[in-house]
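Peer 1: Quick one, my_file-v2.pdb (PDB, C-alpha atoms, pLDDT in the B column):
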```pdb
ATOM      1  CA  MET A 157      -0.985  20.629  23.232  1.00 94.00           C
ATOM      2  CA  MET A 158       1.268  23.668  23.599  1.00 94.00           C
ATOM      3  CA  GLN A 159       1.913  22.743  27.234  1.00 93.00           C
ATOM      4  CA  MET A 160       2.730  19.207  26.117  1.00 96.00           C
ATOM      5  CA  LEU A 161       5.214  20.392  23.525  1.00 97.00           C
ATOM      6  CA  ALA A 162       6.938  22.735  25.970  1.00 95.00           C
ATOM      7  CA  ALA A 163       7.199  20.027  28.628  1.00 96.00           C
ATOM      8  CA  GLY A 164       8.528  17.632  26.038  1.00 97.00           C
ATOM      9  CA  GLY A 165      11.412  19.930  25.246  1.00 97.00           C
ATOM     10  CA  MET A 166      10.236  22.002  22.310  1.00 97.00           C
ATOM     11  CA  SER A 167      10.660  25.771  22.265  1.00 96.00           C
ATOM     12  CA  LEU A 168       7.467  27.773  21.961  1.00 95.00           C
ATOM     13  CA  LEU A 169       6.967  31.108  20.293  1.00 96.00           C
ATOM     14  CA  THR A 170       4.734  32.860  22.810  1.00 93.00           C
ATOM     15  CA  ASP A 171       4.643  36.290  24.398  1.00 89.00           C
ATOM     16  CA  ARG A 172       2.550  35.335  27.423  1.00 73.00           C
ATOM     17  CA  GLU A 173       0.742  38.619  26.822  1.00 70.00           C
ATOM     18  CA  ARG A 174      -2.651  37.045  27.366  1.00 68.00           C
ATOM     19  CA  GLN A 175      -2.719  36.200  31.046  1.00 73.00           C
ATOM     20  CA  PRO A 176      -4.142  32.992  32.567  1.00 73.00           C
ATOM     21  CA  ASP A 177      -7.802  33.304  33.481  1.00 73.00           C
ATOM     22  CA  ILE A 178     -10.750  31.146  34.433  1.00 73.00           C
ATOM     23  CA  ASP A 179     -11.151  30.008  30.827  1.00 68.00           C
ATOM     24  CA  ASN A 180      -7.547  28.936  30.600  1.00 72.00           C
ATOM     25  CA  PRO A 181      -5.989  28.760  34.081  1.00 74.00           C
ATOM     26  CA  ARG A 182      -2.642  27.500  32.808  1.00 76.00           C
ATOM     27  CA  GLY A 183      -2.152  30.281  30.336  1.00 77.00           C
ATOM     28  CA  TYR A 184      -2.700  30.715  26.640  1.00 79.00           C
ATOM     29  CA  CYS A 185       0.713  30.119  25.048  1.00 89.00           C
ATOM     30  CA  GLU A 186      -0.298  32.565  22.364  1.00 90.00           C
ATOM     31  CA  TRP A 187       1.762  34.914  20.235  1.00 94.00           C
ATOM     32  CA  GLU A 188      -0.085  38.146  19.531  1.00 93.00           C
ATOM     33  CA  PRO A 189       1.707  38.996  16.246  1.00 94.00           C
ATOM     34  CA  ILE A 190       0.210  35.867  14.699  1.00 96.00           C
ATOM     35  CA  LYS A 191      -2.906  38.009  14.196  1.00 95.00           C
ATOM     36  CA  LEU A 192      -0.912  40.151  11.769  1.00 95.00           C
ATOM     37  CA  LEU A 193      -0.284  37.209   9.455  1.00 95.00           C
ATOM     38  CA  PRO A 194      -2.897  38.237   6.831  1.00 93.00           C
ATOM     39  CA  LYS A 195      -1.092  41.565   6.361  1.00 94.00           C
ATOM     40  CA  GLU A 196       2.443  40.486   7.249  1.00 95.00           C
ATOM     41  CA  PRO A 197       2.784  36.794   6.340  1.00 95.00           C
ATOM     42  CA  ASP A 198       6.561  36.878   6.743  1.00 96.00           C
ATOM     43  CA  ARG A 199       6.096  37.258  10.492  1.00 96.00           C
ATOM     44  CA  ILE A 200       5.818  33.479  10.523  1.00 97.00           C
ATOM     45  CA  ASP A 201       9.592  33.376  10.058  1.00 97.00           C
ATOM     46  CA  GLU A 202       9.937  34.351  13.710  1.00 97.00           C
ATOM     47  CA  ALA A 203       8.597  30.881  14.546  1.00 96.00           C
ATOM     48  CA  GLU A 204      11.457  29.041  12.852  1.00 96.00           C
ATOM     49  CA  GLY A 205      12.492  26.065  14.958  1.00 96.00           C
ATOM     50  CA  LYS A 206       9.651  26.641  17.414  1.00 97.00           C
ATOM     51  CA  ALA A 207       6.043  25.725  17.960  1.00 97.00           C
ATOM     52  CA  VAL A 208       3.478  28.491  17.532  1.00 97.00           C
ATOM     53  CA  LYS A 209      -0.246  28.379  18.167  1.00 96.00           C
ATOM     54  CA  ILE A 210      -2.399  29.425  15.238  1.00 96.00           C
ATOM     55  CA  ILE A 211      -6.157  29.308  14.844  1.00 95.00           C
ATOM     56  CA  SER A 212      -7.592  27.664  11.754  1.00 95.00           C
ATOM     57  CA  GLN A 213      -8.692  30.941  10.155  1.00 94.00           C
ATOM     58  CA  LEU A 214      -5.136  32.292  10.166  1.00 95.00           C
ATOM     59  CA  LEU A 215      -3.717  29.139   8.619  1.00 95.00           C
ATOM     60  CA  LEU A 216      -4.990  30.491   5.319  1.00 93.00           C
ATOM     61  CA  SER A 217      -2.389  33.268   5.537  1.00 93.00           C
ATOM     62  CA  VAL A 218       0.606  31.005   6.050  1.00 95.00           C
ATOM     63  CA  PRO A 219       3.024  31.688   3.180  1.00 94.00           C
ATOM     64  CA  LYS A 220       4.685  29.047   1.056  1.00 94.00           C
ATOM     65  CA  GLY A 221       8.400  28.392   0.918  1.00 94.00           C
ATOM     66  CA  ARG A 222       8.946  27.243   4.512  1.00 96.00           C
ATOM     67  CA  ASN A 223       9.078  23.833   6.133  1.00 96.00           C
ATOM     68  CA  TYR A 224       6.023  23.457   8.339  1.00 97.00           C
ATOM     69  CA  LYS A 225       4.584  20.662  10.410  1.00 97.00           C
ATOM     70  CA  LEU A 226       1.015  21.176  11.524  1.00 98.00           C
ATOM     71  CA  ILE A 227      -0.599  19.517  14.546  1.00 97.00           C
ATOM     72  CA  PHE A 228      -4.274  20.066  13.848  1.00 96.00           C
ATOM     73  CA  MET A 229      -6.337  19.854  17.036  1.00 95.00           C
ATOM     74  CA  GLU A 230      -9.905  18.686  16.520  1.00 92.00           C
ATOM     75  CA  ARG A 231     -12.711  18.866  19.039  1.00 91.00           C
ATOM     76  CA  PRO A 232     -16.435  18.184  18.659  1.00 89.00           C
ATOM     77  CA  LEU A 233     -18.021  21.352  17.326  1.00 89.00           C
ATOM     78  CA  PRO A 234     -20.711  21.636  20.047  1.00 88.00           C
ATOM     79  CA  GLU A 235     -17.925  21.703  22.648  1.00 90.00           C
ATOM     80  CA  VAL A 236     -15.951  24.309  20.731  1.00 91.00           C
ATOM     81  CA  LEU A 237     -18.978  26.571  20.425  1.00 91.00           C
ATOM     82  CA  ALA A 238     -19.943  26.133  24.083  1.00 89.00           C
ATOM     83  CA  SER A 239     -16.404  26.980  25.152  1.00 88.00           C
ATOM     84  CA  GLN A 240     -16.390  30.046  22.906  1.00 90.00           C
ATOM     85  CA  ASP A 241     -19.757  31.140  24.312  1.00 89.00           C
ATOM     86  CA  GLU A 242     -18.343  31.076  27.826  1.00 87.00           C
ATOM     87  CA  MET A 243     -15.310  33.095  26.763  1.00 86.00           C
ATOM     88  CA  LEU A 244     -17.459  35.620  24.924  1.00 89.00           C
ATOM     89  CA  LYS A 245     -19.683  36.088  27.961  1.00 87.00           C
ATOM     90  CA  ARG A 246     -16.684  36.759  30.178  1.00 84.00           C
ATOM     91  CA  ARG A 247     -15.254  39.147  27.634  1.00 81.00           C
ATOM     92  CA  GLY A 248     -18.578  40.976  27.603  1.00 82.00           C
ATOM     93  CA  SER A 249     -18.899  40.549  23.872  1.00 73.00           C
ATOM     94  CA  SER A 250     -21.711  38.053  23.668  1.00 69.00           C
ATOM     95  CA  GLN A 251     -23.033  37.867  20.116  1.00 69.00           C
ATOM     96  CA  PRO A 252     -26.614  36.778  19.548  1.00 77.00           C
ATOM     97  CA  VAL A 253     -26.315  34.485  16.535  1.00 79.00           C
ATOM     98  CA  ASP A 254     -28.759  31.737  15.708  1.00 83.00           C
ATOM     99  CA  SER A 255     -27.283  28.474  16.948  1.00 84.00           C
ATOM    100  CA  ALA A 256     -28.054  26.541  13.770  1.00 85.00           C
ATOM    101  CA  LEU A 257     -26.567  29.297  11.630  1.00 87.00           C
ATOM    102  CA  LEU A 258     -23.436  29.406  13.761  1.00 90.00           C
ATOM    103  CA  THR A 259     -23.015  25.636  13.626  1.00 90.00           C
ATOM    104  CA  SER A 260     -23.488  25.646   9.890  1.00 88.00           C
ATOM    105  CA  ALA A 261     -20.963  28.468   9.490  1.00 91.00           C
ATOM    106  CA  PHE A 262     -18.320  26.596  11.478  1.00 91.00           C
ATOM    107  CA  ARG A 263     -18.947  23.416   9.535  1.00 89.00           C
ATOM    108  CA  ASP A 264     -18.432  25.399   6.335  1.00 87.00           C
ATOM    109  CA  HIS A 265     -15.304  26.875   7.819  1.00 91.00           C
ATOM    110  CA  MET A 266     -13.845  23.503   8.784  1.00 90.00           C
ATOM    111  CA  ARG A 267     -14.698  22.110   5.379  1.00 86.00           C
ATOM    112  CA  ASP A 268     -12.834  25.003   3.743  1.00 88.00           C
ATOM    113  CA  ILE A 269      -9.821  24.534   5.986  1.00 91.00           C
ATOM    114  CA  ILE A 270      -9.592  20.784   5.362  1.00 89.00           C
ATOM    115  CA  ALA A 271      -9.934  21.356   1.606  1.00 89.00           C
ATOM    116  CA  TRP A 272      -7.233  24.036   1.778  1.00 91.00           C
ATOM    117  CA  LEU A 273      -4.905  21.715   3.669  1.00 91.00           C
ATOM    118  CA  GLU A 274      -5.352  19.058   1.010  1.00 88.00           C
ATOM    119  CA  VAL A 275      -4.199  21.578  -1.581  1.00 89.00           C
ATOM    120  CA  ARG A 276      -1.253  22.718   0.535  1.00 91.00           C
ATOM    121  CA  GLU A 277       0.772  19.572   0.135  1.00 90.00           C
ATOM    122  CA  ASP A 278       3.804  21.404   1.509  1.00 93.00           C
ATOM    123  CA  ILE A 279       2.226  21.296   4.977  1.00 96.00           C
ATOM    124  CA  PRO A 280       2.311  17.842   6.576  1.00 96.00           C
ATOM    125  CA  VAL A 281      -0.615  17.487   8.954  1.00 95.00           C
ATOM    126  CA  CYS A 282      -1.099  15.404  12.081  1.00 95.00           C
ATOM    127  CA  ARG A 283      -4.776  15.507  13.052  1.00 93.00           C
ATOM    128  CA  MET A 284      -5.210  15.037  16.800  1.00 94.00           C
ATOM    129  CA  GLY A 285      -8.568  14.447  18.472  1.00 92.00           C
ATOM    130  CA  TYR A 286      -8.968  16.471  21.652  1.00 90.00           C
ATOM    131  CA  ARG A 287     -10.705  13.598  23.407  1.00 89.00           C
ATOM    132  CA  LYS A 288      -8.107  11.126  22.219  1.00 91.00           C
ATOM    133  CA  VAL A 289      -5.363  13.212  23.801  1.00 94.00           C
ATOM    134  CA  LEU A 290      -7.280  13.296  27.075  1.00 92.00           C
ATOM    135  CA  SER A 291      -8.053   9.584  27.094  1.00 92.00           C
ATOM    136  CA  ASP A 292      -4.632   8.386  25.991  1.00 94.00           C
ATOM    137  CA  PRO A 293      -1.988  11.044  26.593  1.00 95.00           C
ATOM    138  CA  VAL A 294       1.007   8.709  26.294  1.00 96.00           C
ATOM    139  CA  SER A 295      -0.024   7.346  22.915  1.00 96.00           C
ATOM    140  CA  SER A 296      -0.907  10.855  21.756  1.00 96.00           C
ATOM    141  CA  ALA A 297       2.481  12.177  22.861  1.00 97.00           C
ATOM    142  CA  LYS A 298       4.166   9.395  20.929  1.00 97.00           C
ATOM    143  CA  THR A 299       2.135  10.216  17.826  1.00 96.00           C
ATOM    144  CA  VAL A 300       3.241  13.846  18.060  1.00 97.00           C
ATOM    145  CA  ARG A 301       6.879  12.918  18.669  1.00 97.00           C
ATOM    146  CA  ASP A 302       6.931  10.568  15.680  1.00 96.00           C
ATOM    147  CA  PHE A 303       5.228  13.136  13.476  1.00 97.00           C
ATOM    148  CA  LEU A 304       7.630  15.913  14.433  1.00 97.00           C
ATOM    149  CA  ASP A 305      10.583  13.529  14.381  1.00 96.00           C
ATOM    150  CA  PHE A 306      11.875  15.395  17.398  1.00 95.00           C
ATOM    151  CA  ASP A 307      13.311  13.881  20.571  1.00 95.00           C
ATOM    152  CA  LEU A 308      10.533  14.838  22.967  1.00 97.00           C
ATOM    153  CA  ASN A 309      10.117  13.618  26.536  1.00 97.00           C
ATOM    154  CA  LEU A 310       6.956  11.515  26.316  1.00 97.00           C
ATOM    155  CA  GLU A 311       6.452  11.153  30.053  1.00 96.00           C
ATOM    156  CA  ALA A 312       6.695  14.890  30.645  1.00 97.00           C
ATOM    157  CA  MET A 313       4.318  15.535  27.773  1.00 97.00           C
ATOM    158  CA  ALA A 314       1.710  13.086  29.049  1.00 96.00           C
ATOM    159  CA  GLN A 315       1.867  14.605  32.539  1.00 95.00           C
ATOM    160  CA  GLN A 316       0.638  17.913  31.128  1.00 94.00           C
ATOM    161  CA  VAL A 317      -2.725  16.452  30.209  1.00 93.00           C
ATOM    162  CA  ASP A 318      -5.215  17.500  32.875  1.00 86.00           C
ATOM    163  CA  PRO A 319      -8.721  16.048  32.410  1.00 76.00           C
ATOM    164  CA  SER A 320     -10.059  18.500  35.020  1.00 78.00           C
ATOM    165  CA  LEU A 321      -9.668  21.213  32.384  1.00 70.00           C
ATOM    166  CA  TYR A 322     -12.009  19.331  30.055  1.00 67.00           C
ATOM    167  CA  ARG A 323     -15.083  21.497  30.405  1.00 65.00           C
ATOM    168  CA  ASN A 324     -17.996  22.174  28.104  1.00 62.00           C
ATOM    169  CA  ARG A 325     -18.095  18.500  27.250  1.00 63.00           C
ATOM    170  CA  ARG A 326     -21.031  17.119  25.338  1.00 60.00           C
ATOM    171  CA  ALA A 327     -22.381  13.583  25.422  1.00 53.00           C
TER     172      ALA A 327
ATOM    173  CA  MET B  84     -38.977  21.818   3.620  1.00 47.00           C
ATOM    174  CA  PHE B  85     -35.875  20.131   4.975  1.00 61.00           C
ATOM    175  CA  GLY B  86     -37.399  17.170   6.841  1.00 73.00           C
ATOM    176  CA  SER B  87     -35.242  14.349   8.109  1.00 81.00           C
ATOM    177  CA  HIS B  88     -34.243  10.879   7.090  1.00 86.00           C
ATOM    178  CA  LYS B  89     -32.975   7.901   9.065  1.00 88.00           C
ATOM    179  CA  VAL B  90     -30.299   5.555   7.759  1.00 90.00           C
ATOM    180  CA  LYS B  91     -29.577   2.234   9.425  1.00 92.00           C
ATOM    181  CA  ILE B  92     -25.913   1.406   9.909  1.00 93.00           C
ATOM    182  CA  GLU B  93     -24.989  -1.945  11.376  1.00 93.00           C
ATOM    183  CA  GLY B  94     -22.370  -4.650  11.668  1.00 94.00           C
ATOM    184  CA  GLU B  95     -18.755  -4.068  10.764  1.00 94.00           C
ATOM    185  CA  LEU B  96     -19.438  -0.666   9.210  1.00 94.00           C
ATOM    186  CA  LEU B  97     -21.038   0.579  12.420  1.00 94.00           C
ATOM    187  CA  ASP B  98     -18.049  -0.638  14.431  1.00 94.00           C
ATOM    188  CA  LYS B  99     -15.666   1.180  12.118  1.00 92.00           C
ATOM    189  CA  VAL B 100     -17.776   4.334  12.160  1.00 92.00           C
ATOM    190  CA  LYS B 101     -17.760   4.278  15.963  1.00 91.00           C
ATOM    191  CA  GLN B 102     -13.982   3.896  15.969  1.00 88.00           C
ATOM    192  CA  CYS B 103     -13.529   6.776  13.541  1.00 87.00           C
ATOM    193  CA  ALA B 104     -15.917   9.052  15.435  1.00 85.00           C
ATOM    194  CA  GLU B 105     -14.101   8.371  18.690  1.00 82.00           C
ATOM    195  CA  ALA B 106     -10.632   8.723  17.187  1.00 79.00           C
ATOM    196  CA  CYS B 107     -11.486  12.033  15.540  1.00 76.00           C
ATOM    197  CA  GLY B 108     -13.110  13.471  18.648  1.00 72.00           C
ATOM    198  CA  TYR B 109     -16.684  13.637  17.418  1.00 76.00           C
ATOM    199  CA  SER B 110     -19.279  13.764  20.168  1.00 76.00           C
ATOM    200  CA  SER B 111     -21.418  11.058  18.577  1.00 85.00           C
ATOM    201  CA  VAL B 112     -21.733   8.709  15.630  1.00 89.00           C
ATOM    202  CA  ASP B 113     -24.481  10.975  14.288  1.00 88.00           C
ATOM    203  CA  GLU B 114     -22.212  14.009  14.272  1.00 84.00           C
ATOM    204  CA  PHE B 115     -19.475  12.075  12.487  1.00 86.00           C
ATOM    205  CA  VAL B 116     -21.840  10.680   9.858  1.00 89.00           C
ATOM    206  CA  VAL B 117     -23.458  14.064   9.161  1.00 84.00           C
ATOM    207  CA  HIS B 118     -20.027  15.669   8.769  1.00 81.00           C
ATOM    208  CA  ALA B 119     -18.859  12.875   6.437  1.00 84.00           C
ATOM    209  CA  LEU B 120     -21.976  13.278   4.322  1.00 84.00           C
ATOM    210  CA  GLU B 121     -21.527  17.047   4.176  1.00 76.00           C
ATOM    211  CA  LYS B 122     -18.012  16.560   2.848  1.00 74.00           C
ATOM    212  CA  GLU B 123     -19.202  14.193   0.142  1.00 77.00           C
ATOM    213  CA  VAL B 124     -22.137  16.407  -0.824  1.00 74.00           C
ATOM    214  CA  ASN B 125     -19.806  19.363  -1.200  1.00 68.00           C
ATOM    215  CA  LYS B 126     -17.627  17.385  -3.585  1.00 69.00           C
ATOM    216  CA  VAL B 127     -20.610  16.804  -5.851  1.00 71.00           C
ATOM    217  CA  LEU B 128     -22.716  19.947  -5.510  1.00 66.00           C
ATOM    218  CA  PRO B 129     -21.528  23.565  -5.915  1.00 57.00           C
ATOM    219  CA  PRO B 130     -21.017  25.613  -2.728  1.00 55.00           C
ATOM    220  CA  SER B 131     -24.184  27.082  -1.209  1.00 54.00           C
ATOM    221  CA  GLU B 132     -24.991  30.773  -1.572  1.00 50.00           C
ATOM    222  CA  GLY B 133     -24.601  31.180   2.150  1.00 54.00           C
ATOM    223  CA  GLY B 134     -20.819  31.068   1.857  1.00 60.00           C
ATOM    224  CA  SER B 135     -20.193  34.765   2.311  1.00 64.00           C
ATOM    225  CA  THR B 136     -22.622  34.907   5.240  1.00 84.00           C
ATOM    226  CA  SER B 137     -20.821  32.023   6.908  1.00 85.00           C
ATOM    227  CA  LYS B 138     -17.468  33.738   6.478  1.00 88.00           C
ATOM    228  CA  GLU B 139     -18.835  36.931   8.012  1.00 89.00           C
ATOM    229  CA  ILE B 140     -20.231  35.031  11.011  1.00 91.00           C
ATOM    230  CA  ILE B 141     -16.893  33.297  11.572  1.00 93.00           C
ATOM    231  CA  LYS B 142     -14.990  36.547  11.254  1.00 92.00           C
ATOM    232  CA  LYS B 143     -17.147  38.377  13.805  1.00 91.00           C
ATOM    233  CA  ARG B 144     -17.002  35.447  16.194  1.00 92.00           C
ATOM    234  CA  LEU B 145     -13.215  35.197  16.049  1.00 93.00           C
ATOM    235  CA  GLN B 146     -12.851  38.958  16.406  1.00 91.00           C
ATOM    236  CA  GLY B 147     -15.080  38.839  19.469  1.00 90.00           C
ATOM    237  CA  LEU B 148     -12.848  36.171  20.941  1.00 89.00           C
ATOM    238  CA  GLY B 149      -9.754  38.251  20.241  1.00 88.00           C
ATOM    239  CA  TYR B 150      -8.304  35.657  17.883  1.00 91.00           C
ATOM    240  CA  ILE B 151      -8.087  37.912  14.824  1.00 92.00           C
ATOM    241  CA  GLU B 152      -7.976  41.646  14.147  1.00 88.00           C
TER     242      GLU B 152
END
```
How would this structure read if it were set down as structure tokens?
Peer 2:
Amino acid sequence: MMQMLAAGGMSLLTDRERQPDIDNPRGYCEWEPIKLLPKEPDRIDEAEGKAVKIISQLLLSVPKGRNYKLIFMERPLPEVLASQDEMLKRRGSSQPVDSALLTSAFRDHMRDIIAWLEVREDIPVCRMGYRKVLSDPVSSAKTVRDFLDFDLNLEAMAQQVDPSLYRNRRA
Amino acid sequence: MFGSHKVKIEGELLDKVKQCAEACGYSSVDEFVVHALEKEVNKVLPPSEGGSTSKEIIKKRLQGLGYIE
């Protein structure tokens, strides 16, 4: 999604500190200071007018009083966990946690996040299915453009979608 | 004992459920239905006592991935 936004003409807030690797060969588009949000929530102001990647856990630290638009990427949980497992193995920090317990924990987490978003009415949300983006990139790009109300290049956005990067898929 | 229980979904409802599951990126109708039921159950029943454990698991996982400090 971050690659789509950049290709479409939106500025990203990213430091490119995390280098491309086998897990993410086109780079991470991450911004390291986003991790400081729980302690320094005002750091979000550096993202004004730009798109910044934020994991669901850190959303909870986003302060009020700003105009946000959130594109919430959703992917089947088994695929998310499988992808994370691969990354953890490569990082050498594999954590032996019971699979059922882990799945249950992430379901709890997602439930909390969705409930929190319903309370935060100041944050408009566009929920985007990962598979939907892959199967219909043009329509997905249009959905994002309409949601952001920003003149994005739909063709350039759609061209960023690379199904070959869809790994850890589950039936 | 947890056990299991089968529910038959058919007709127009099944078609709509399939559409929703696909649109939201669920890997199967089953996964979508279980998630939908979990959401409804949590509206009615108080949160489980495993809440703090779940949060700790998530925190360690995300730290291991380098997503949080």
Peer 1: What separation in Å, quoted to one decimal, exists between atom CA of Ala256 of chain A and atom CA of Ala238 of chain A?
Peer 2: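 One can read the atom CA of Ala256 of chain A to atom CA of Ala238 of chain A distance as 13.1 Å.
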Peer 1: Expand the PyMOL selection byres ((chain B and resi 136-152) around 12) into the explicit residue set it covers here, and present it as a PyMOL selection string.
Peer 2: (chain A and resi 174+179+184+186-195+209-215+217+237+239-269) or (chain B and resi 130-135)
Peer 1: Evaluate the PyMOL selection byres ((chain A) within 6 of (chain B)) on the structure here and hand back the selected residues as a ChimeraX atom specification.
Peer 2: /A:191,231-232,261,285-287
Peer 1: Atom CA of Asp201 of chain A and atom CA of Arg283 of chain A are how many Å apart?
Peer 2: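 Computing it gives 23.1 Å between the two atoms.
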Peer 1: Find the smallest box with edges along x, y and z containing every listed atom of segment 218-231 of chain A, then add 8 Å on each side and report centre and edge lengths in Å to one decimal, as lines of an AutoDock Vina configuration file.
Peer 2:
```
center_x = -1.8
center_y = 25.2
center_z = 10.0
size_x = 37.8
size_y = 29.0
size_z = 34.1
```
Peer 1: In Å, how far is it from atom CA of Ala314 of chain A to atom CA of Ser167 of chain A?
Peer 2: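 That distance, rounded to one decimal, is 16.9 Å.
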Peer 1: Using all atoms listed in the file, what residues lie at most 12 Å away from (1.6, 11.3, 23.3) (file coordinates), given as a ChimeraX atom specification?
Peer 2: /A:157,160-161,163-164,284-286,288-304,308-317
Peer 1: Name the closest residue to Ala271 of chain A among the candidates A:Cys185, A:Leu216, A:Leu169, A:Ala203; distances are taken between atoms, counting all atoms listed in the file.
Peer 2: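 Once distances to Ala271 of chain A are computed over all atoms listed in the file, the minimum belongs to A:Leu216.
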Peer 1: What would the list of residues within 7 Å of (12.4, 24.1, 17.2) (file frame) look like as a tab-separated table (two decimals) with C-alpha atoms, in the frame of the given file, if only C-alpha atoms are what count?
Peer 2:
```tsv
chain	number	residue	atom	x	y	z
A	166	MET	CA	10.24	22.00	22.31
A	167	SER	CA	10.66	25.77	22.26
A	204	GLU	CA	11.46	29.04	12.85
A	205	GLY	CA	12.49	26.06	14.96
A	206	LYS	CA	9.65	26.64	17.41
A	207	ALA	CA	6.04	25.72	17.96
```
Peer 1: Write out N, CA and C atoms for segment 208-222 of chain A, as a PDB file, in the frame of the given file.
Peer 2:
```pdb
ATOM      1  N   VAL A 208       4.310  27.305  17.356  1.00 97.00           N
ATOM      2  CA  VAL A 208       3.478  28.491  17.532  1.00 97.00           C
ATOM      3  C   VAL A 208       2.021  28.092  17.368  1.00 97.00           C
ATOM      4  N   LYS A 209       1.188  28.678  18.213  1.00 96.00           N
ATOM      5  CA  LYS A 209      -0.246  28.379  18.167  1.00 96.00           C
ATOM      6  C   LYS A 209      -0.906  29.276  17.117  1.00 96.00           C
ATOM      7  N   ILE A 210      -1.728  28.652  16.281  1.00 96.00           N
ATOM      8  CA  ILE A 210      -2.399  29.425  15.238  1.00 96.00           C
ATOM      9  C   ILE A 210      -3.815  28.885  15.070  1.00 96.00           C
ATOM     10  N   ILE A 211      -4.781  29.778  15.032  1.00 95.00           N
ATOM     11  CA  ILE A 211      -6.157  29.308  14.844  1.00 95.00           C
ATOM     12  C   ILE A 211      -6.378  28.983  13.365  1.00 95.00           C
ATOM     13  N   SER A 212      -7.378  28.168  13.109  1.00 95.00           N
ATOM     14  CA  SER A 212      -7.592  27.664  11.754  1.00 95.00           C
ATOM     15  C   SER A 212      -7.752  28.786  10.725  1.00 95.00           C
ATOM     16  N   GLN A 213      -8.455  29.846  11.095  1.00 94.00           N
ATOM     17  CA  GLN A 213      -8.692  30.941  10.155  1.00 94.00           C
ATOM     18  C   GLN A 213      -7.379  31.543   9.656  1.00 94.00           C
ATOM     19  N   LEU A 214      -6.402  31.656  10.532  1.00 95.00           N
ATOM     20  CA  LEU A 214      -5.136  32.292  10.166  1.00 95.00           C
ATOM     21  C   LEU A 214      -4.212  31.363   9.393  1.00 95.00           C
ATOM     22  N   LEU A 215      -4.509  30.076   9.417  1.00 95.00           N
ATOM     23  CA  LEU A 215      -3.717  29.139   8.619  1.00 95.00           C
ATOM     24  C   LEU A 215      -3.706  29.557   7.149  1.00 95.00           C
ATOM     25  N   LEU A 216      -4.837  30.120   6.724  1.00 93.00           N
ATOM     26  CA  LEU A 216      -4.990  30.491   5.319  1.00 93.00           C
ATOM     27  C   LEU A 216      -3.976  31.542   4.888  1.00 93.00           C
ATOM     28  N   SER A 217      -3.362  32.209   5.854  1.00 93.00           N
ATOM     29  CA  SER A 217      -2.389  33.268   5.537  1.00 93.00           C
ATOM     30  C   SER A 217      -0.950  32.798   5.646  1.00 93.00           C
ATOM     31  N   VAL A 218      -0.758  31.526   5.922  1.00 95.00           N
ATOM     32  CA  VAL A 218       0.606  31.005   6.050  1.00 95.00           C
ATOM     33  C   VAL A 218       1.259  30.946   4.667  1.00 95.00           C
ATOM     34  N   PRO A 219       2.398  31.638   4.508  1.00 94.00           N
ATOM     35  CA  PRO A 219       3.024  31.688   3.180  1.00 94.00           C
ATOM     36  C   PRO A 219       3.736  30.397   2.801  1.00 94.00           C
ATOM     37  N   LYS A 220       3.951  30.219   1.531  1.00 94.00           N
ATOM     38  CA  LYS A 220       4.685  29.047   1.056  1.00 94.00           C
ATOM     39  C   LYS A 220       6.194  29.299   1.197  1.00 94.00           C
ATOM     40  N   GLY A 221       6.950  28.230   0.935  1.00 94.00           N
ATOM     41  CA  GLY A 221       8.400  28.392   0.918  1.00 94.00           C
ATOM     42  C   GLY A 221       9.079  28.150   2.246  1.00 94.00           C
ATOM     43  N   ARG A 222       8.356  27.605   3.207  1.00 96.00           N
ATOM     44  CA  ARG A 222       8.946  27.243   4.512  1.00 96.00           C
ATOM     45  C   ARG A 222       8.637  25.778   4.773  1.00 96.00           C
TER      46      ARG A 222
END
```
